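Here the structure is laid out as C-alpha cells; the discussion comes afterwards.
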Amino acid sequence: MDRTGQIAVIFVSQRTLNDAQGYAQAAKAMDALAAQQPGYRGVDSVRGADGFGITVSWWADEASALAWRAHPEHAAIRERGRAEWYSRYEVAVAEVGRSYRWGD
C-alpha cells in the first residue's frame with residue numbers, strides 16, 4: 001500500500017504492569033472506533049515483553065488525525081492511559097513523503 005501523502009501518528013510508549021485486562025479491552029475498543037472514523041487508513045502496532053511499544057496510525061490527512069485526537073471516547077481513554085497504563089509515551093506526527101513496500 002502506498003502511504004505517500006498520508007499522516008502517520010507515531011505513538012511510542014512504555015506500559016505499566018497495571019490492569020492488563022482493562023488495557024487489552026480498551027485497546028480493542030479504540031482500534032474498532034478508530035477504524036470507523038473518516039480518513040482512517042490503518043494501524044500497525046508492536047509491543048515487547050518489557051512493555052515497550054510502537055503504534056503507527058495512518059490517516060488520510062491532518063484534519064482526520066486531529067479529529068481522532070479530539071474524539072471524546074479517545075480522549076477519555078487517553079486520560080485513563082496516563083493514569084493507569086503508561087509510565088511514559090511520546091507522539092510524533094508526520095506526513096509521509098515517500099513510501100514503498102516489498103513482500104506480502
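Letters for chains follow the order of the C-alpha cells (A, B, ...), residue numbers begin at 1 for each chain, and ligand numbers begin at 1 in the order shown.
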Using the chain letters and numbers from this document, which residues of chain A does DSSP assign to strand (DSSP E), as an NGL selection string? :A and (7-15 or 40-47 or 52-59 or 86-95)
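Residues surrounding His71 of chain A within 10 Å are Leu33, Ala34 and Gln37 of chain A [only C-alpha atoms; sequence separation below 6 positions excluded].
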Based on the selection just made, write N, CA and C atoms of those residues as a tab-separated table (two decimals), in the first residue's frame.
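result.tsv, written as the output of this step:
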```tsv
chain	number	residue	atom	x	y	z
A	33	LEU	N	-13.06	1.68	17.11
A	33	LEU	CA	-13.59	3.04	16.97
A	33	LEU	C	-12.79	3.84	15.94
A	34	ALA	N	-11.47	3.73	15.99
A	34	ALA	CA	-10.63	4.45	15.02
A	34	ALA	C	-10.97	4.03	13.60
A	37	GLN	N	-13.65	5.97	11.81
A	37	GLN	CA	-13.50	7.41	11.64
A	37	GLN	C	-13.18	7.77	10.20
```
May I have the residues within 6 Å of Ser99 of chain A as a PyMOL selection string, using only C-alpha atoms and disregarding those fewer than 6 positions away in the same chain? chain A and resi 2-4
Since we have the selection now, will you write its residues out, keeping N, CA, C and O atoms, as a tab-separated table (two decimals), in the first residue's frame?
```tsv
chain	number	residue	atom	x	y	z
A	2	ASP	N	0.59	2.16	-0.85
A	2	ASP	CA	1.34	3.41	-0.91
A	2	ASP	C	0.83	4.36	0.16
A	2	ASP	O	-0.34	4.72	0.19
A	3	ARG	N	1.69	4.77	1.05
A	3	ARG	CA	1.33	5.67	2.15
A	3	ARG	C	1.70	7.13	1.84
A	3	ARG	O	1.50	8.00	2.68
A	4	THR	N	2.24	7.39	0.66
A	4	THR	CA	2.67	8.74	0.30
A	4	THR	C	1.51	9.73	0.49
A	4	THR	O	0.40	9.49	0.01
```
Excluding Arg69 of chain A and residues on its chain fewer than 4 positions from it, collect all residues at most 12 Å away from it, counting only C-alpha atoms, and give them as a PDB file with all heavy atoms, in the first residue's frame.
```
ATOM      1  N   VAL A   9       0.680   8.953  12.636  1.00  0.00           N
ATOM      2  CA  VAL A   9       0.721   9.334  14.053  1.00  0.00           C
ATOM      3  C   VAL A   9       1.472   8.215  14.762  1.00  0.00           C
ATOM      4  O   VAL A   9       0.988   7.079  14.849  1.00  0.00           O
ATOM      5  CB  VAL A   9      -0.689   9.528  14.634  1.00  0.00           C
ATOM      6  CG1 VAL A   9      -0.608   9.885  16.115  1.00  0.00           C
ATOM      7  CG2 VAL A   9      -1.445  10.609  13.871  1.00  0.00           C
ATOM      8  N   MET A  30     -10.615   0.903  21.069  1.00  0.00           N
ATOM      9  CA  MET A  30     -10.081   2.055  20.345  1.00  0.00           C
ATOM     10  C   MET A  30      -9.731   1.680  18.916  1.00  0.00           C
ATOM     11  O   MET A  30      -9.941   2.482  17.993  1.00  0.00           O
ATOM     12  CB  MET A  30      -8.864   2.629  21.066  1.00  0.00           C
ATOM     13  CG  MET A  30      -9.200   3.366  22.356  1.00  0.00           C
ATOM     14  SD  MET A  30     -10.354   4.754  22.155  1.00  0.00           S
ATOM     15  CE  MET A  30     -11.898   4.003  22.662  1.00  0.00           C
ATOM     16  N   LEU A  33     -13.062   1.680  17.107  1.00  0.00           N
ATOM     17  CA  LEU A  33     -13.585   3.036  16.972  1.00  0.00           C
ATOM     18  C   LEU A  33     -12.787   3.836  15.943  1.00  0.00           C
ATOM     19  O   LEU A  33     -13.365   4.535  15.102  1.00  0.00           O
ATOM     20  CB  LEU A  33     -13.572   3.746  18.328  1.00  0.00           C
ATOM     21  CG  LEU A  33     -14.151   5.143  18.366  1.00  0.00           C
ATOM     22  CD1 LEU A  33     -15.628   5.149  17.968  1.00  0.00           C
ATOM     23  CD2 LEU A  33     -13.967   5.743  19.765  1.00  0.00           C
ATOM     24  N   ALA A  34     -11.467   3.726  15.989  1.00  0.00           N
ATOM     25  CA  ALA A  34     -10.626   4.446  15.022  1.00  0.00           C
ATOM     26  C   ALA A  34     -10.971   4.028  13.596  1.00  0.00           C
ATOM     27  O   ALA A  34     -11.057   4.870  12.699  1.00  0.00           O
ATOM     28  CB  ALA A  34      -9.149   4.196  15.309  1.00  0.00           C
ATOM     29  N   GLN A  37     -13.650   5.967  11.814  1.00  0.00           N
ATOM     30  CA  GLN A  37     -13.501   7.407  11.639  1.00  0.00           C
ATOM     31  C   GLN A  37     -13.177   7.768  10.195  1.00  0.00           C
ATOM     32  O   GLN A  37     -12.412   7.062   9.526  1.00  0.00           O
ATOM     33  CB  GLN A  37     -12.400   7.945  12.557  1.00  0.00           C
ATOM     34  CG  GLN A  37     -12.618   7.654  14.029  1.00  0.00           C
ATOM     35  CD  GLN A  37     -13.998   8.040  14.509  1.00  0.00           C
ATOM     36  OE1 GLN A  37     -14.404   9.193  14.412  1.00  0.00           O
ATOM     37  NE2 GLN A  37     -14.734   7.064  15.026  1.00  0.00           N
ATOM     38  N   SER A  57      -0.637   4.936  13.635  1.00  0.00           N
ATOM     39  CA  SER A  57      -1.944   5.002  12.985  1.00  0.00           C
ATOM     40  C   SER A  57      -1.803   5.886  11.754  1.00  0.00           C
ATOM     41  O   SER A  57      -1.068   6.868  11.755  1.00  0.00           O
ATOM     42  CB  SER A  57      -3.037   5.515  13.931  1.00  0.00           C
ATOM     43  OG  SER A  57      -2.783   6.825  14.370  1.00  0.00           O
ATOM     44  N   TRP A  59      -3.559   8.090   8.602  1.00  0.00           N
ATOM     45  CA  TRP A  59      -4.717   8.942   8.330  1.00  0.00           C
ATOM     46  C   TRP A  59      -4.582   9.592   6.960  1.00  0.00           C
ATOM     47  O   TRP A  59      -3.471   9.873   6.502  1.00  0.00           O
ATOM     48  CB  TRP A  59      -4.843  10.004   9.425  1.00  0.00           C
ATOM     49  CG  TRP A  59      -5.021   9.337  10.748  1.00  0.00           C
ATOM     50  CD1 TRP A  59      -4.035   8.964  11.629  1.00  0.00           C
ATOM     51  CD2 TRP A  59      -6.246   8.880  11.313  1.00  0.00           C
ATOM     52  NE1 TRP A  59      -4.589   8.313  12.703  1.00  0.00           N
ATOM     53  CE2 TRP A  59      -5.944   8.252  12.540  1.00  0.00           C
ATOM     54  CE3 TRP A  59      -7.576   8.948  10.903  1.00  0.00           C
ATOM     55  CZ2 TRP A  59      -6.926   7.690  13.353  1.00  0.00           C
ATOM     56  CZ3 TRP A  59      -8.551   8.394  11.719  1.00  0.00           C
ATOM     57  CH2 TRP A  59      -8.222   7.779  12.920  1.00  0.00           C
ATOM     58  N   GLU A  62      -4.299  15.619   7.743  1.00  0.00           N
ATOM     59  CA  GLU A  62      -4.125  16.196   9.082  1.00  0.00           C
ATOM     60  C   GLU A  62      -5.459  16.385   9.794  1.00  0.00           C
ATOM     61  O   GLU A  62      -5.578  16.134  10.999  1.00  0.00           O
ATOM     62  CB  GLU A  62      -3.386  17.536   8.967  1.00  0.00           C
ATOM     63  CG  GLU A  62      -3.101  18.209  10.297  1.00  0.00           C
ATOM     64  CD  GLU A  62      -1.968  17.590  11.086  1.00  0.00           C
ATOM     65  OE1 GLU A  62      -1.235  16.746  10.544  1.00  0.00           O
ATOM     66  OE2 GLU A  62      -1.805  17.960  12.264  1.00  0.00           O
ATOM     67  N   ALA A  63      -6.474  16.818   9.072  1.00  0.00           N
ATOM     68  CA  ALA A  63      -7.794  17.031   9.683  1.00  0.00           C
ATOM     69  C   ALA A  63      -8.348  15.739  10.274  1.00  0.00           C
ATOM     70  O   ALA A  63      -8.926  15.748  11.368  1.00  0.00           O
ATOM     71  CB  ALA A  63      -8.763  17.620   8.659  1.00  0.00           C
ATOM     72  N   SER A  64      -8.177  14.631   9.576  1.00  0.00           N
ATOM     73  CA  SER A  64      -8.653  13.337  10.079  1.00  0.00           C
ATOM     74  C   SER A  64      -7.907  12.933  11.341  1.00  0.00           C
ATOM     75  O   SER A  64      -8.508  12.445  12.309  1.00  0.00           O
ATOM     76  CB  SER A  64      -8.474  12.252   9.016  1.00  0.00           C
ATOM     77  OG  SER A  64      -9.199  12.552   7.865  1.00  0.00           O
ATOM     78  N   ALA A  65      -6.595  13.114  11.344  1.00  0.00           N
ATOM     79  CA  ALA A  65      -5.786  12.769  12.518  1.00  0.00           C
ATOM     80  C   ALA A  65      -6.170  13.644  13.714  1.00  0.00           C
ATOM     81  O   ALA A  65      -6.290  13.149  14.845  1.00  0.00           O
ATOM     82  CB  ALA A  65      -4.301  12.921  12.205  1.00  0.00           C
ATOM     83  N   GLU A  73     -14.382   9.767  23.118  1.00  0.00           N
ATOM     84  CA  GLU A  73     -14.048   8.455  23.686  1.00  0.00           C
ATOM     85  C   GLU A  73     -12.539   8.217  23.674  1.00  0.00           C
ATOM     86  O   GLU A  73     -11.980   7.654  24.615  1.00  0.00           O
ATOM     87  CB  GLU A  73     -14.772   7.347  22.927  1.00  0.00           C
ATOM     88  CG  GLU A  73     -16.267   7.328  23.184  1.00  0.00           C
ATOM     89  CD  GLU A  73     -16.966   6.244  22.392  1.00  0.00           C
ATOM     90  OE1 GLU A  73     -16.649   5.058  22.595  1.00  0.00           O
ATOM     91  OE2 GLU A  73     -17.817   6.602  21.554  1.00  0.00           O
ATOM     92  N   HIS A  74     -11.887   8.656  22.614  1.00  0.00           N
ATOM     93  CA  HIS A  74     -10.433   8.527  22.542  1.00  0.00           C
ATOM     94  C   HIS A  74      -9.776   9.392  23.615  1.00  0.00           C
ATOM     95  O   HIS A  74      -8.824   8.958  24.281  1.00  0.00           O
ATOM     96  CB  HIS A  74      -9.950   8.908  21.138  1.00  0.00           C
ATOM     97  CG  HIS A  74      -8.489   8.745  20.939  1.00  0.00           C
ATOM     98  ND1 HIS A  74      -7.752   9.622  20.186  1.00  0.00           N
ATOM     99  CD2 HIS A  74      -7.605   7.811  21.388  1.00  0.00           C
ATOM    100  CE1 HIS A  74      -6.490   9.239  20.181  1.00  0.00           C
ATOM    101  NE2 HIS A  74      -6.378   8.144  20.904  1.00  0.00           N
ATOM    102  N   ALA A  75     -10.277  10.595  23.804  1.00  0.00           N
ATOM    103  CA  ALA A  75      -9.724  11.489  24.827  1.00  0.00           C
ATOM    104  C   ALA A  75      -9.865  10.887  26.230  1.00  0.00           C
ATOM    105  O   ALA A  75      -8.939  10.959  27.044  1.00  0.00           O
ATOM    106  CB  ALA A  75     -10.401  12.850  24.759  1.00  0.00           C
ATOM    107  N   ALA A  76     -11.008  10.264  26.510  1.00  0.00           N
ATOM    108  CA  ALA A  76     -11.226   9.648  27.822  1.00  0.00           C
ATOM    109  C   ALA A  76     -10.268   8.480  28.050  1.00  0.00           C
ATOM    110  O   ALA A  76      -9.686   8.346  29.145  1.00  0.00           O
ATOM    111  CB  ALA A  76     -12.672   9.184  27.945  1.00  0.00           C
ATOM    112  N   ILE A  77     -10.073   7.655  27.032  1.00  0.00           N
ATOM    113  CA  ILE A  77      -9.144   6.525  27.165  1.00  0.00           C
ATOM    114  C   ILE A  77      -7.715   7.027  27.290  1.00  0.00           C
ATOM    115  O   ILE A  77      -6.906   6.461  28.030  1.00  0.00           O
ATOM    116  CB  ILE A  77      -9.302   5.549  25.980  1.00  0.00           C
ATOM    117  CG1 ILE A  77     -10.629   4.812  26.105  1.00  0.00           C
ATOM    118  CG2 ILE A  77      -8.144   4.572  25.901  1.00  0.00           C
ATOM    119  CD1 ILE A  77     -10.766   3.904  27.328  1.00  0.00           C
ATOM    120  N   ARG A  78      -7.385   8.105  26.594  1.00  0.00           N
ATOM    121  CA  ARG A  78      -6.039   8.685  26.702  1.00  0.00           C
ATOM    122  C   ARG A  78      -5.759   9.110  28.146  1.00  0.00           C
ATOM    123  O   ARG A  78      -4.682   8.847  28.683  1.00  0.00           O
ATOM    124  CB  ARG A  78      -5.914   9.870  25.735  1.00  0.00           C
ATOM    125  CG  ARG A  78      -4.529  10.429  25.632  1.00  0.00           C
ATOM    126  CD  ARG A  78      -4.385  11.410  24.481  1.00  0.00           C
ATOM    127  NE  ARG A  78      -5.346  12.501  24.509  1.00  0.00           N
ATOM    128  CZ  ARG A  78      -6.300  12.695  23.590  1.00  0.00           C
ATOM    129  NH1 ARG A  78      -6.438  11.884  22.574  1.00  0.00           N
ATOM    130  NH2 ARG A  78      -7.121  13.721  23.695  1.00  0.00           N
ATOM    131  N   GLU A  79      -6.742   9.727  28.788  1.00  0.00           N
ATOM    132  CA  GLU A  79      -6.574  10.139  30.189  1.00  0.00           C
ATOM    133  C   GLU A  79      -6.415   8.922  31.099  1.00  0.00           C
ATOM    134  O   GLU A  79      -5.600   8.926  32.016  1.00  0.00           O
ATOM    135  CB  GLU A  79      -7.748  10.996  30.634  1.00  0.00           C
ATOM    136  CG  GLU A  79      -7.749  12.386  30.019  1.00  0.00           C
ATOM    137  CD  GLU A  79      -6.451  13.133  30.266  1.00  0.00           C
ATOM    138  OE1 GLU A  79      -5.940  13.137  31.408  1.00  0.00           O
ATOM    139  OE2 GLU A  79      -5.908  13.709  29.291  1.00  0.00           O
ATOM    140  N   VAL A  91       4.428  11.097  21.251  1.00  0.00           N
ATOM    141  CA  VAL A  91       3.688  11.094  19.998  1.00  0.00           C
ATOM    142  C   VAL A  91       4.413  11.993  19.005  1.00  0.00           C
ATOM    143  O   VAL A  91       4.804  13.113  19.348  1.00  0.00           O
ATOM    144  CB  VAL A  91       2.238  11.601  20.194  1.00  0.00           C
ATOM    145  CG1 VAL A  91       1.507  11.661  18.857  1.00  0.00           C
ATOM    146  CG2 VAL A  91       1.491  10.731  21.191  1.00  0.00           C
ATOM    147  N   VAL A  93       3.937  13.253  14.837  1.00  0.00           N
ATOM    148  CA  VAL A  93       3.024  13.262  13.697  1.00  0.00           C
ATOM    149  C   VAL A  93       3.811  13.723  12.480  1.00  0.00           C
ATOM    150  O   VAL A  93       4.503  14.740  12.534  1.00  0.00           O
ATOM    151  CB  VAL A  93       1.826  14.199  13.962  1.00  0.00           C
ATOM    152  CG1 VAL A  93       0.883  14.212  12.776  1.00  0.00           C
ATOM    153  CG2 VAL A  93       1.097  13.794  15.245  1.00  0.00           C
TER     154      VAL A  93
END
```
Which residue out of A:Tyr40, A:Tyr23, A:Tyr86, A:Trp102 has the minimum interatomic distance to Val56 of chain A when only C-alpha atoms are used? A:Tyr40
Going by DSSP on the backbone, which residues of chain A come out as alpha helix (DSSP H)? List them as an NGL selection string. :A and (20-35 or 62-70 or 72-80)
Show me, as a PyMOL selection string, the residues that have an atom within 8 Å of Trp58 of chain A when counting only C-alpha atoms, minus same-chain residues fewer than 3 positions from it. chain A and resi 6-9+40-43
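The two atoms in question, atom CA of Tyr89 of chain A and atom CA of Gln14 of chain A, are spaced 6.2 Å apart.
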